[in-house]
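J.: My structure file target-v9.txt, compact mmCIF, C-alpha atoms, is below:
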```txt
# COMPACT_ATOMS: atom_id res chain seq x y z
CA MET A 18 34.67 -33.71 -13.58
CA VAL A 19 36.41 -30.44 -12.71
CA ALA A 20 39.37 -30.53 -10.31
CA ILE A 21 40.46 -27.43 -8.37
CA ILE A 22 43.75 -27.43 -6.45
CA LYS A 23 44.70 -24.81 -3.89
CA THR A 24 47.55 -24.59 -1.43
CA GLY A 25 47.75 -22.58 1.79
CA ASN A 26 49.91 -21.81 4.79
CA SER A 27 47.27 -22.68 7.39
CA LEU A 28 46.22 -26.29 7.71
CA HIS A 29 43.87 -25.32 10.55
CA ASN A 30 41.86 -23.04 8.27
CA ILE A 31 41.33 -25.69 5.61
CA PHE A 32 40.54 -28.40 8.13
CA ASN A 33 38.14 -26.20 10.14
CA TYR A 34 36.35 -25.09 6.97
CA ASN A 35 35.35 -28.67 6.20
CA GLU A 36 34.68 -29.65 9.81
CA ASN A 37 32.40 -26.65 10.26
CA LYS A 38 30.42 -27.84 7.26
CA VAL A 39 30.06 -31.18 9.00
CA LYS A 40 28.78 -29.48 12.16
CA GLN A 41 26.28 -27.49 10.09
CA GLY A 42 24.94 -30.72 8.63
CA VAL A 43 25.87 -29.86 5.03
CA ALA A 44 28.96 -32.10 4.75
CA GLN A 45 30.25 -35.46 5.88
CA CYS A 46 33.72 -36.96 6.24
CA ILE A 47 33.34 -40.12 4.16
CA GLY A 48 36.90 -41.42 3.81
CA GLU A 49 40.62 -41.13 4.46
CA GLY A 50 43.94 -42.09 3.05
CA ASN A 51 46.95 -43.46 4.98
CA TYR A 52 45.40 -43.14 8.44
CA PRO A 53 45.99 -45.91 10.98
CA VAL A 54 42.31 -46.05 11.99
CA ASP A 55 39.08 -46.16 10.00
CA ILE A 56 37.33 -42.83 9.61
CA GLU A 57 34.31 -43.92 11.69
CA LYS A 58 36.55 -44.55 14.70
CA MET A 59 38.35 -41.20 14.67
CA SER A 60 37.43 -37.93 16.33
CA ALA A 61 38.04 -34.55 14.69
CA SER A 62 41.16 -33.97 16.78
CA MET A 63 42.60 -37.33 15.72
CA ARG A 64 42.05 -36.49 12.06
CA LEU A 65 43.79 -33.14 12.43
CA ASN A 66 46.74 -34.35 14.55
CA ARG A 67 47.77 -36.90 11.96
CA LEU A 68 48.28 -34.10 9.44
CA LEU A 69 49.93 -31.69 11.89
CA LYS A 70 52.55 -34.21 13.04
CA GLN A 71 53.71 -34.98 9.53
CA ASN A 72 53.79 -31.30 8.60
CA ALA A 73 56.03 -30.67 11.59
CA LEU A 74 58.75 -32.78 9.92
CA ASN A 75 59.68 -29.82 7.72
CA ASP A 76 59.20 -26.30 9.12
CA ASN A 77 60.71 -24.74 5.99
CA VAL A 78 57.61 -25.55 3.93
CA LYS A 79 55.43 -22.49 4.48
CA ARG A 80 52.55 -23.30 2.14
CA ASN A 81 52.21 -26.82 3.43
CA SER A 82 48.45 -27.46 3.20
CA VAL A 83 46.60 -28.73 0.14
CA HIS A 84 42.89 -28.28 -0.54
CA ILE A 85 41.37 -30.01 -3.59
CA SER A 86 37.77 -30.05 -4.79
CA LEU A 87 36.46 -32.54 -7.33
CA ASN A 88 33.26 -31.21 -8.94
CA PHE A 89 30.90 -33.43 -10.90
CA ASP A 90 28.17 -32.69 -13.39
CA PRO A 91 24.72 -31.87 -11.86
CA SER A 92 23.28 -34.95 -13.56
CA GLU A 93 25.56 -37.15 -11.43
CA THR A 94 23.78 -36.50 -8.14
CA GLY A 95 23.28 -40.23 -7.62
CA LEU A 96 26.98 -41.06 -7.14
CA PRO A 97 27.23 -43.31 -4.04
CA LYS A 98 29.75 -42.59 -1.27
CA GLU A 99 31.72 -45.71 -2.07
CA LYS A 100 32.26 -44.57 -5.65
CA LEU A 101 33.22 -41.05 -4.53
CA VAL A 102 35.84 -42.53 -2.20
CA GLU A 103 37.21 -44.70 -5.02
CA ILE A 104 37.43 -41.66 -7.29
CA ALA A 105 39.25 -39.72 -4.57
CA HIS A 106 41.81 -42.52 -4.06
CA ALA A 107 42.38 -42.84 -7.82
CA TYR A 108 42.84 -39.10 -8.22
CA MET A 109 45.30 -38.73 -5.32
CA ASP A 110 47.29 -41.65 -6.67
CA LYS A 111 47.53 -40.20 -10.18
CA ILE A 112 48.72 -36.76 -8.99
CA GLY A 113 51.42 -38.21 -6.72
CA PHE A 114 49.67 -38.11 -3.33
CA ALA A 115 49.09 -41.85 -2.94
CA GLU A 116 51.38 -42.05 0.11
CA GLN A 117 50.20 -38.81 1.73
CA PRO A 118 47.64 -38.66 4.55
CA TYR A 119 44.38 -37.09 3.37
CA LEU A 120 40.71 -36.73 4.31
CA ILE A 121 37.69 -36.97 2.01
CA TYR A 122 34.63 -34.76 2.64
CA GLN A 123 31.37 -34.93 0.72
CA HIS A 124 29.57 -31.56 0.61
CA HIS A 125 25.81 -31.11 0.12
CA ASP A 126 25.64 -27.30 0.05
CA ALA A 127 25.58 -26.76 -3.71
CA GLY A 128 23.56 -27.66 -6.77
CA HIS A 129 26.09 -30.21 -8.01
CA PRO A 130 27.80 -33.20 -6.35
CA HIS A 131 31.36 -32.54 -5.20
CA ILE A 132 33.96 -33.69 -2.69
CA HIS A 133 36.82 -31.93 -0.91
CA LEU A 134 40.22 -33.45 -0.20
CA VAL A 135 42.45 -32.13 2.60
CA SER A 136 46.13 -33.10 2.59
CA ILE A 137 49.68 -31.79 3.10
CA LYS A 138 52.80 -31.25 0.95
CA VAL A 139 55.33 -32.67 3.45
CA LYS A 140 56.21 -36.31 2.84
CA GLU A 141 56.77 -38.92 5.52
CA ASP A 142 60.55 -38.50 5.18
CA GLY A 143 60.28 -34.72 5.60
CA SER A 144 60.80 -33.83 1.95
CA ARG A 145 58.45 -31.53 0.04
CA ILE A 146 56.16 -32.42 -2.86
CA ASP A 147 56.71 -30.16 -5.86
CA MET A 148 53.30 -28.94 -7.01
CA HIS A 149 54.46 -26.63 -9.79
CA ASN A 150 52.01 -26.92 -12.73
CA ILE A 151 50.35 -29.91 -11.08
CA GLY A 152 46.93 -28.65 -12.14
CA ARG A 153 47.92 -28.33 -15.79
CA ASN A 154 49.85 -31.57 -15.99
CA GLN A 155 49.16 -34.37 -13.51
CA SER A 156 45.65 -33.25 -12.57
CA GLU A 157 44.50 -32.84 -16.17
CA ILE A 158 45.74 -36.31 -17.11
CA ALA A 159 44.13 -37.80 -13.99
CA ARG A 160 40.81 -36.10 -14.77
CA LYS A 161 40.56 -37.54 -18.26
CA GLU A 162 41.51 -41.04 -17.15
CA ILE A 163 39.08 -41.03 -14.22
CA GLU A 164 36.20 -39.76 -16.39
CA LYS A 165 36.69 -42.72 -18.72
CA SER A 166 37.31 -45.40 -16.11
CA PHE A 167 34.37 -44.34 -13.89
CA GLY A 168 32.01 -43.35 -16.70
CA LEU A 169 31.72 -39.72 -15.63
CA VAL A 170 30.47 -36.76 -17.66
CA GLN A 171 33.47 -35.29 -19.43
CA ALA A 172 34.55 -31.71 -18.80
CA GLN A 173 36.71 -31.34 -21.89
CA GLY A 174 37.88 -27.78 -22.47
CA ARG A 175 37.24 -26.51 -18.95
CA LYS A 176 40.15 -24.72 -17.40
CA ASN A 177 41.38 -25.55 -13.94
CA ASN A 178 41.11 -22.14 -12.35
CA SER A 179 38.93 -20.42 -9.82
CA ASP A 180 36.39 -19.37 -12.45
CA THR A 181 35.44 -23.01 -13.10
CA GLU A 182 35.27 -24.06 -9.47
CA LEU A 183 31.52 -23.86 -9.22
CA ARG A 184 30.49 -23.72 -12.87
CA PRO A 185 28.10 -26.69 -12.57
CA ILE A 186 25.85 -24.75 -10.14
CA LEU A 187 24.36 -22.59 -12.86
CA MET A 188 20.73 -23.46 -12.23
CA SER A 189 20.70 -23.29 -8.42
CA LYS A 190 19.48 -20.21 -6.57
CA VAL A 191 21.50 -18.73 -3.74
CA ARG A 192 19.85 -19.09 -0.35
CA TYR A 193 21.16 -16.88 2.40
CA GLY A 194 22.61 -18.85 5.30
CA LYS A 195 22.84 -22.13 3.36
CA ILE A 196 26.30 -21.42 1.98
CA GLN A 197 29.01 -18.85 2.60
CA SER A 198 27.81 -15.59 1.00
CA LYS A 199 30.99 -14.73 -0.88
CA LYS A 200 31.35 -18.24 -2.22
CA ALA A 201 27.69 -18.37 -3.25
CA ILE A 202 27.87 -15.07 -5.12
CA LYS A 203 31.13 -16.08 -6.78
CA THR A 204 29.42 -19.21 -8.02
CA VAL A 205 26.76 -17.24 -9.85
CA LEU A 206 29.11 -14.56 -11.15
CA ALA A 207 31.54 -17.14 -12.56
CA VAL A 208 28.82 -18.40 -14.88
CA VAL A 209 26.65 -15.37 -15.60
CA LEU A 210 29.39 -12.84 -16.34
CA SER A 211 31.05 -15.05 -18.93
CA SER A 212 28.01 -16.81 -20.43
CA TYR A 213 25.29 -14.18 -20.81
CA LYS A 214 25.31 -11.13 -23.08
CA TYR A 215 24.09 -7.95 -21.37
CA THR A 216 24.68 -4.30 -22.26
CA ASN A 217 23.84 -2.44 -19.03
CA LEU A 218 23.47 -3.02 -15.33
CA SER A 219 19.70 -3.53 -15.41
CA GLU A 220 20.07 -6.31 -18.00
CA LEU A 221 22.80 -7.95 -15.94
CA ASN A 222 20.65 -7.78 -12.81
CA ALA A 223 17.77 -9.33 -14.73
CA VAL A 224 19.94 -12.46 -15.00
CA LEU A 225 21.51 -12.28 -11.55
CA GLN A 226 18.10 -11.96 -9.90
CA GLN A 227 17.17 -15.34 -11.34
CA TYR A 228 19.70 -16.69 -8.82
CA ASN A 229 18.94 -14.26 -5.95
CA VAL A 230 21.99 -12.04 -6.54
CA LEU A 231 22.08 -8.28 -7.17
CA ALA A 232 24.80 -5.96 -8.48
CA ASP A 233 24.20 -2.73 -6.56
CA ARG A 234 25.69 0.73 -7.09
CA GLY A 235 23.71 2.29 -4.25
CA SER A 236 21.67 5.50 -4.44
CA GLU A 237 22.91 8.38 -6.57
CA ASP A 238 23.87 10.43 -3.51
CA SER A 239 25.73 7.55 -1.85
CA ARG A 240 29.48 7.51 -1.51
CA ILE A 241 29.83 4.22 -3.37
CA PHE A 242 27.88 5.55 -6.37
CA LYS A 243 29.94 8.74 -6.56
CA ALA A 244 33.15 6.72 -6.37
CA LYS A 245 31.88 4.43 -9.18
CA GLY A 246 31.95 1.51 -6.82
CA LEU A 247 29.92 -1.69 -6.96
CA VAL A 248 28.80 -4.27 -4.39
CA TYR A 249 27.07 -7.62 -4.76
CA ARG A 250 24.24 -8.69 -2.50
CA ILE A 251 22.12 -11.77 -1.83
CA LEU A 252 18.34 -11.42 -2.21
CA ASP A 253 15.69 -13.23 -0.19
CA ALA A 254 12.61 -14.95 -1.60
CA ASN A 255 10.85 -11.57 -1.86
CA GLY A 256 13.70 -9.95 -3.78
CA LYS A 257 14.91 -7.92 -0.78
CA PRO A 258 18.66 -7.66 0.01
CA VAL A 259 19.82 -9.67 3.03
CA GLY A 260 23.17 -10.00 4.73
CA VAL A 261 26.27 -7.88 4.31
CA PRO A 262 27.12 -6.58 0.80
CA ILE A 263 30.47 -7.66 -0.66
CA LYS A 264 32.66 -5.31 -2.65
CA ALA A 265 33.30 -6.27 -6.26
CA SER A 266 37.03 -5.77 -5.72
CA ASP A 267 37.02 -8.49 -3.05
CA PHE A 268 36.33 -11.21 -5.61
CA TYR A 269 39.16 -12.99 -7.35
CA ASN A 270 38.12 -12.05 -10.89
CA LYS A 271 37.43 -8.38 -9.90
CA PRO A 272 33.92 -7.95 -11.41
CA THR A 273 34.02 -4.18 -10.79
CA LEU A 274 31.98 -1.51 -12.57
CA LYS A 275 34.91 -0.80 -14.89
CA PHE A 276 35.08 -4.49 -15.78
CA LEU A 277 31.34 -4.59 -16.49
CA GLU A 278 31.38 -1.46 -18.63
CA GLU A 279 33.93 -3.13 -20.88
CA LYS A 280 31.64 -6.17 -21.11
CA PHE A 281 28.71 -3.92 -21.99
CA VAL A 282 30.53 -2.62 -25.06
CA SER A 283 31.70 -6.02 -26.29
CA ASN A 284 28.28 -7.61 -25.76
CA ASN A 285 26.42 -4.84 -27.57
CA THR A 286 27.25 -6.04 -31.07
CA SER A 287 27.43 -9.77 -30.42
CA LYS A 288 23.78 -10.15 -29.41
CA LEU A 289 22.03 -8.07 -32.08
CA SER A 290 21.28 -11.06 -34.29
CA GLN A 291 19.41 -12.80 -31.45
CA LYS A 292 16.61 -10.24 -31.14
CA SER A 293 14.25 -12.01 -33.52
CA ARG A 294 13.86 -15.10 -31.34
CA VAL A 295 12.49 -13.14 -28.40
CA LYS A 296 10.30 -10.90 -30.59
CA ASN A 297 8.82 -13.91 -32.38
CA ALA A 298 8.14 -15.65 -29.08
CA VAL A 299 6.24 -12.63 -27.75
CA ASP A 300 4.25 -12.15 -30.96
CA LEU A 301 3.41 -15.83 -31.12
CA ALA A 302 2.15 -15.73 -27.53
CA PHE A 303 -0.37 -13.02 -28.50
CA PHE A 304 -1.30 -14.46 -31.89
CA GLY A 305 -4.99 -15.37 -31.94
CA LYS A 306 -5.19 -15.40 -28.15
CA ASN A 307 -6.49 -13.24 -25.34
CA ILE A 308 -3.85 -13.50 -22.61
CA SER A 309 -3.01 -11.55 -19.49
CA LEU A 310 0.46 -10.42 -18.45
CA SER A 311 0.85 -13.33 -16.05
CA GLU A 312 -0.16 -15.77 -18.79
CA LEU A 313 2.36 -14.19 -21.16
CA ILE A 314 5.14 -14.76 -18.62
CA LYS A 315 4.21 -18.44 -18.33
CA VAL A 316 4.11 -18.92 -22.11
CA LEU A 317 7.55 -17.34 -22.57
CA GLU A 318 8.96 -19.37 -19.67
CA LYS A 319 8.10 -22.56 -21.55
CA ASP A 320 10.12 -21.22 -24.47
CA GLY A 321 13.20 -20.66 -22.26
CA ILE A 322 12.66 -16.93 -21.81
CA SER A 323 12.35 -15.34 -18.36
CA THR A 324 10.41 -12.09 -18.10
CA VAL A 325 11.65 -9.69 -15.42
CA LEU A 326 9.27 -6.88 -14.46
CA ARG A 327 10.56 -3.63 -12.95
CA LYS A 328 8.05 -1.86 -10.74
CA SER A 329 8.04 1.33 -8.70
CA ASN A 330 7.49 1.41 -4.95
CA ALA A 331 3.83 2.08 -5.69
CA GLY A 332 3.64 -1.14 -7.71
CA LEU A 333 3.48 0.52 -11.13
CA LEU A 334 5.20 -1.32 -13.97
CA TYR A 335 7.78 0.86 -15.70
CA GLY A 336 10.20 -1.63 -17.27
CA ILE A 337 10.40 -5.14 -18.68
CA THR A 338 13.46 -7.25 -19.51
CA TYR A 339 13.61 -10.55 -21.38
CA VAL A 340 16.29 -13.12 -20.46
CA ASP A 341 16.73 -15.72 -23.18
CA HIS A 342 18.38 -18.72 -21.53
CA VAL A 343 18.75 -20.46 -24.90
CA THR A 344 20.83 -17.81 -26.66
CA LYS A 345 22.11 -16.36 -23.35
CA CYS A 346 21.07 -12.87 -24.50
CA VAL A 347 19.32 -10.23 -22.40
CA PHE A 348 17.12 -7.47 -23.85
CA ASN A 349 15.28 -4.57 -22.30
CA GLY A 350 11.84 -4.40 -23.91
CA SER A 351 12.39 -0.98 -25.47
CA VAL A 352 15.51 -2.25 -27.25
CA LEU A 353 13.44 -4.83 -29.13
CA GLY A 354 10.99 -2.15 -30.27
CA LYS A 355 8.05 -0.11 -29.00
CA SER A 356 5.72 -3.11 -29.22
CA TYR A 357 7.78 -4.97 -26.64
CA SER A 358 8.23 -2.24 -24.02
CA ALA A 359 6.49 -2.43 -20.65
CA LYS A 360 3.83 0.12 -21.66
CA ALA A 361 3.10 -1.58 -24.97
CA ILE A 362 2.92 -5.05 -23.44
CA GLN A 363 0.46 -3.79 -20.83
CA GLN A 364 -1.65 -2.19 -23.55
CA ARG A 365 -1.59 -5.35 -25.64
CA CYS A 366 -2.77 -7.36 -22.66
CA ASP A 367 -5.41 -4.73 -21.75
CA VAL A 368 -6.67 -4.56 -25.35
CA MET A 369 -7.03 -8.30 -25.40
CA ASP A 370 -8.91 -8.25 -22.10
CA SER A 371 -11.20 -5.40 -23.27
CA LYS A 372 -11.79 -7.10 -26.60
CA ALA A 373 -12.70 -10.33 -24.88
CA GLN A 374 -15.11 -8.52 -22.55
CA ASN A 375 -16.73 -6.65 -25.45
CA GLU A 376 -17.12 -9.86 -27.42
CA ARG A 377 -18.73 -11.57 -24.45
CA SER A 378 -21.05 -8.58 -23.90
CA PHE A 379 -21.98 -8.40 -27.61
CA ALA A 380 -22.66 -12.12 -27.68
CA SER A 381 -24.96 -11.88 -24.65
CA GLU A 382 -26.90 -8.96 -26.13
CA SER A 383 -27.27 -10.82 -29.43
CA VAL A 384 -28.69 -13.85 -27.67
CA ILE A 385 -31.23 -11.75 -25.75
CA ARG A 386 -32.24 -9.79 -28.88
CA SER A 387 -32.59 -12.97 -30.90
CA ASP A 388 -34.78 -14.57 -28.23
CA VAL A 389 -37.12 -11.57 -28.12
CA GLU A 390 -37.37 -11.33 -31.91
CA PHE A 391 -38.01 -15.03 -32.21
CA SER A 392 -40.70 -14.98 -29.54
CA SER A 393 -42.37 -11.96 -31.18
CA LYS A 394 -42.45 -13.62 -34.59
CA GLN A 395 -43.77 -16.85 -33.21
CA TYR A 396 -46.46 -15.04 -31.26
CA ASN A 397 -47.72 -13.16 -34.34
CA LYS A 398 -48.13 -16.47 -36.22
CA VAL A 399 -50.49 -17.96 -33.62
CA PRO A 400 -54.28 -17.40 -33.91
CA ILE A 401 -55.90 -15.10 -31.36
CA GLU A 402 -57.90 -17.90 -29.78
CA ASP A 403 -54.68 -19.89 -29.22
CA LYS A 404 -52.96 -16.85 -27.77
CA ILE A 405 -55.74 -16.39 -25.28
CA GLN A 406 -55.71 -20.07 -24.45
CA ASP A 407 -51.93 -19.95 -24.03
CA ASN A 408 -52.31 -16.97 -21.70
CA LYS A 409 -54.57 -19.04 -19.53
CA THR A 410 -52.53 -22.22 -19.61
CA SER A 411 -48.89 -21.07 -19.85
CA ASP A 412 -47.39 -18.92 -17.12
CA SER A 413 -43.99 -18.89 -18.86
CA HIS A 414 -45.31 -16.77 -21.80
CA SER A 415 -47.85 -14.60 -19.98
CA GLY A 416 -45.32 -11.86 -19.23
CA LEU A 417 -44.15 -11.69 -22.83
CA VAL A 418 -47.74 -11.59 -24.18
CA LYS A 419 -48.68 -8.76 -21.85
CA LEU A 420 -45.57 -6.88 -22.88
CA LEU A 421 -46.38 -7.24 -26.57
CA ASP A 422 -50.01 -6.20 -25.98
CA THR A 423 -48.86 -3.10 -24.20
CA LEU A 424 -46.35 -2.20 -26.89
CA THR A 425 -48.81 -2.73 -29.79
CA GLN A 426 -52.00 -1.22 -28.36
CA SER A 427 -53.27 2.17 -29.64
CA GLU A 428 -52.68 5.26 -27.59
CA TYR A 429 -56.38 6.36 -28.08
CA GLU A 430 -59.56 4.79 -29.42
CA ALA A 431 -60.97 5.95 -32.74
CA SER A 432 -64.48 6.54 -31.25
CA TYR A 433 -63.19 9.03 -28.75
CA VAL A 434 -63.96 12.74 -29.42
CA PRO A 435 -62.63 15.49 -27.18
CA ASN A 436 -65.25 17.66 -25.41
CA GLN A 437 -63.93 20.76 -27.18
CA LEU A 438 -64.92 19.31 -30.55
CA LYS A 439 -68.40 18.25 -29.47
CA GLY A 440 -71.32 20.47 -30.54
CA LYS A 441 -73.99 21.79 -28.17
CA ARG A 442 -76.83 19.40 -27.58
CA ARG A 443 -80.15 20.73 -28.86
CA ASN A 444 -83.27 19.98 -26.89
CA LYS A 445 -85.91 18.24 -28.93
CA LYS A 446 -89.26 20.03 -28.85
CA ARG A 447 -92.21 18.11 -27.69
CA LYS A 448 -95.60 18.55 -29.28
CA GLY A 449 -97.84 20.96 -27.46
CA GLN A 450 -94.96 22.79 -25.84
CA SER A 451 -93.91 26.29 -26.64
CA ASP A 452 -90.52 27.89 -26.48
CA ASN A 453 -91.61 29.74 -23.39
CA HIS A 454 -92.31 26.59 -21.47
```
Step by step, read the file and then write its structure as structure tokens.
T.:
Amino acid sequence: MVAIIKTGNSLHNIFNYNENKVKQGVAQCIGEGNYPVDIEKMSASMRLNRLLKQNALNDNVKRNSVHISLNFDPSETGLPKEKLVEIAHAYMDKIGFAEQPYLIYQHHDAGHPHIHLVSIKVKEDGSRIDMHNIGRNQSEIARKEIEKSFGLVQAQGRKNNSDTELRPILMSKVRYGKIQSKKAIKTVLAVVLSSYKYTNLSELNAVLQQYNVLADRGSEDSRIFKAKGLVYRILDANGKPVGVPIKASDFYNKPTLKFLEEKFVSNNTSKLSQKSRVKNAVDLAFFGKNISLSELIKVLEKDGISTVLRKSNAGLLYGITYVDHVTKCVFNGSVLGKSYSAKAIQQRCDVMDSKAQNERSFASESVIRSDVEFSSKQYNKVPIEDKIQDNKTSDSHSGLVKLLDTLTQSEYEASYVPNQLKGKRRNKKRKGQSDNH
């Protein structure tokens, strides 16, 4: 379990954020603490007024609202509402909010189960709750105890800061309109930027695109590119940007171009030893097989490697990037070697296809040639009388026999003599006739 605690000076904003989720159908108010009426019997205004009235007891507390999220491991999607409410009560008790009014919201807009708690810092007697280092001290102790008592997946070593808020959502893709854009992008960046090893923007985008996010510098003649700026965008199912781009400087951890360039340098040396796994996977996919490019992608996917193809507007492939989700390393094909670049991979697939076609063609010709040779040999072994009889009785061989007769017959008969070579015919004299007859 990962607990995130935030305070604010606007209770309305925190309350409306959760209530709007309820209206959108992606959240539900499942419990409360220290309210006079059960949650099912209260309207939204009743829930809010209870908090506002107690906050009004001390106007000097400016940051009087408290917003807490309890995030669970993705494998714990089956946690029932009753158990989530019990966990919320136990947590609020252990951090010193047992007597405070609070609301419990279950959200369904992310890839991991989580709940939100809305409360206030002003006590019933008007005094203020000191929350200094509450995340490091009380919350951390409460987390460990609750994980043991409720049998939850432990989150040992995770820090309670904004970077870990949505860490469990690593494998979920961002869908525009399903969750607030900035929050959705921050979710992906929090994991990808710190977990994966990339050495340029194209390698980073190869990972981000797996989750429908793009780091965009704009065109080379754009103002943002010339100013070395960077924006993040959400992609639709076809890989096209949708919605309004968000500046990198607007995010809490400032994932600007300058920040990324520093990561490029540090990642460059740390991932060199991981090249062999991807190269071996590609070579093994081709070994003894005739596979197409689409088949290669499927084979590598089973080995935990995503293949990202970069194509021109005309649909021509000009780049290929391998994302190894096991080692968390990203490689452009040319970095692995010439044999793994986009051009070489296409040639290897084309060679395999051509080789397969040639083998099939050669095999077909061999079968035809063998059949003709066999038929010819068999025919020559049969007596003439049987051949003639077979010609009369078997239609299936008549064509072949005629063909062989035609091919083996002489071009001229031996008894034939051209007219030019014939001598003049002499008339035979009859008895009693003279030459002057």
J.: Between A:Ile21, A:Glu49, A:Lys38, A:Leu120, single out the one closest to Asn88 of chain A, counting only C-alpha atoms.
T.: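 Of all the options, A:Ile21 lies closest to Asn88 of chain A.
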J.: Write out as a list in words each polymer residue whose atoms come within 8 Å of Ser82 of chain A, counting only C-alpha atoms; drop sequence neighbours fewer than 3 positions from it.
T.: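 Non-adjacent residues within range: Thr24, Gly25, Asn26, Ser27, Leu28, Ile31, Val135, Ser136, Ile137 and Lys138 of chain A.
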J.: Write the residues of the preceding selection, restricted to C-alpha atoms, as a PDB file, in the coordinates of the input.
T.:
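Just written: again32.pdb:
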```
ATOM      1  CA  THR A  24      47.550 -24.590  -1.430  1.00  0.00           C
ATOM      2  CA  GLY A  25      47.750 -22.580   1.790  1.00  0.00           C
ATOM      3  CA  ASN A  26      49.910 -21.810   4.790  1.00  0.00           C
ATOM      4  CA  SER A  27      47.270 -22.680   7.390  1.00  0.00           C
ATOM      5  CA  LEU A  28      46.220 -26.290   7.710  1.00  0.00           C
ATOM      6  CA  ILE A  31      41.330 -25.690   5.610  1.00  0.00           C
ATOM      7  CA  VAL A 135      42.450 -32.130   2.600  1.00  0.00           C
ATOM      8  CA  SER A 136      46.130 -33.100   2.590  1.00  0.00           C
ATOM      9  CA  ILE A 137      49.680 -31.790   3.100  1.00  0.00           C
ATOM     10  CA  LYS A 138      52.800 -31.250   0.950  1.00  0.00           C
TER      11      LYS A 138
END
```
J.: Which residue gives the smallest distance to Lys214 of chain A among A:Thr338, A:Asn229, A:Asn255, A:Asn285, with all atoms listed in the file counted?
T.: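 Closest residue, counting all atoms listed in the file: A:Asn285.
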J.: Which of these, A:Lys23, A:Lys315, A:Lys199, A:His106, has the shortest distance to Val261 of chain A once you count all atoms listed in the file?
T.: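 Counting all atoms listed in the file, the residue closest to Val261 of chain A is A:Lys199.
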J.: Work out where the centre of an axis-aligned box around every listed atom of segment 234-245 of chain A lies and how long its edges are once 3 Å is added on each side; give both in Å to one decimal as lines of an AutoDock Vina configuration file.
T.:
```
center_x = 27.4
center_y = 5.6
center_z = -5.3
size_x = 17.5
size_y = 15.7
size_z = 13.7
```
J.: Kindly provide, as a PyMOL selection string, the polymer residues lying within 12 Å of (43.2, -30.1, -8.1), counting all atoms listed in the file and using the coordinates exactly as they appear in the file.
T.: chain A and resi 18-24+83-88+105+108-109+111-114+132-136+148-160+176-179+181-182
J.: Residues around (31.7, -41.1, -4.1), cut-off 12 Å, counting only C-alpha atoms - what are they as number ranges by chain?
T.: A: 45-48, 87-89, 93-107, 121-124, 130-133, 167, 169
J.: Expressed in Å to a single decimal, how great is the separation between atom CA of Arg64 of chain A and atom CA of Gly50 of chain A?
T.: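 Between atom CA of Arg64 of chain A and atom CA of Gly50 of chain A the gap is 10.8 Å.
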J.: Mind pulling up the distance from atom CA of Ala244 of chain A to atom CA of Leu210 of chain A?
T.: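 Calculated distance between atom CA of Leu210 of chain A and atom CA of Ala244 of chain A is 22.3 Å.
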J.: Grab the atom CA of Leu218 of chain A to atom CA of Glu278 of chain A distance for me, in Å with one decimal place.
T.: 8.7 Å
J.: Residues near Leu317 of chain A, anyone? I mean within 8 Å using all atoms listed in the file, not counting same-chain ones fewer than 4 positions away, as a ChimeraX atom specification.
T.: /A:298-299,302,313,321-324
J.: Pick out the residues sitting within 12 Å of Ala361 of chain A, and hand them over as a PyMOL selection string; count only C-alpha atoms, and ignore anything fewer than 4 positions along from it in its own chain.
T.: chain A and resi 299+310+334-337+350-351+353-357+365-368
J.: Would you fill out segment 107-115 of chain A with N, CA and C atoms and return it as a tab-separated table (two decimals), in the frame of the given file?
T.:
```tsv
chain	number	residue	atom	x	y	z
A	107	ALA	N	41.76	-42.77	-6.49
A	107	ALA	CA	42.38	-42.84	-7.82
A	107	ALA	C	43.00	-41.50	-8.20
A	108	TYR	N	42.32	-40.43	-7.88
A	108	TYR	CA	42.84	-39.10	-8.22
A	108	TYR	C	44.13	-38.79	-7.46
A	109	MET	N	44.13	-39.02	-6.14
A	109	MET	CA	45.30	-38.73	-5.32
A	109	MET	C	46.50	-39.58	-5.76
A	110	ASP	N	46.22	-40.78	-6.19
A	110	ASP	CA	47.29	-41.65	-6.67
A	110	ASP	C	47.91	-41.11	-7.96
A	111	LYS	N	47.06	-40.65	-8.88
A	111	LYS	CA	47.53	-40.20	-10.18
A	111	LYS	C	48.27	-38.86	-10.12
A	112	ILE	N	48.01	-38.04	-9.09
A	112	ILE	CA	48.72	-36.76	-8.99
A	112	ILE	C	49.93	-36.83	-8.06
A	113	GLY	N	50.23	-38.04	-7.54
A	113	GLY	CA	51.42	-38.21	-6.72
A	113	GLY	C	51.20	-38.08	-5.23
A	114	PHE	N	49.97	-38.23	-4.76
A	114	PHE	CA	49.67	-38.11	-3.33
A	114	PHE	C	49.20	-39.45	-2.74
A	115	ALA	N	49.57	-40.54	-3.40
A	115	ALA	CA	49.09	-41.85	-2.94
A	115	ALA	C	49.59	-42.18	-1.55
```
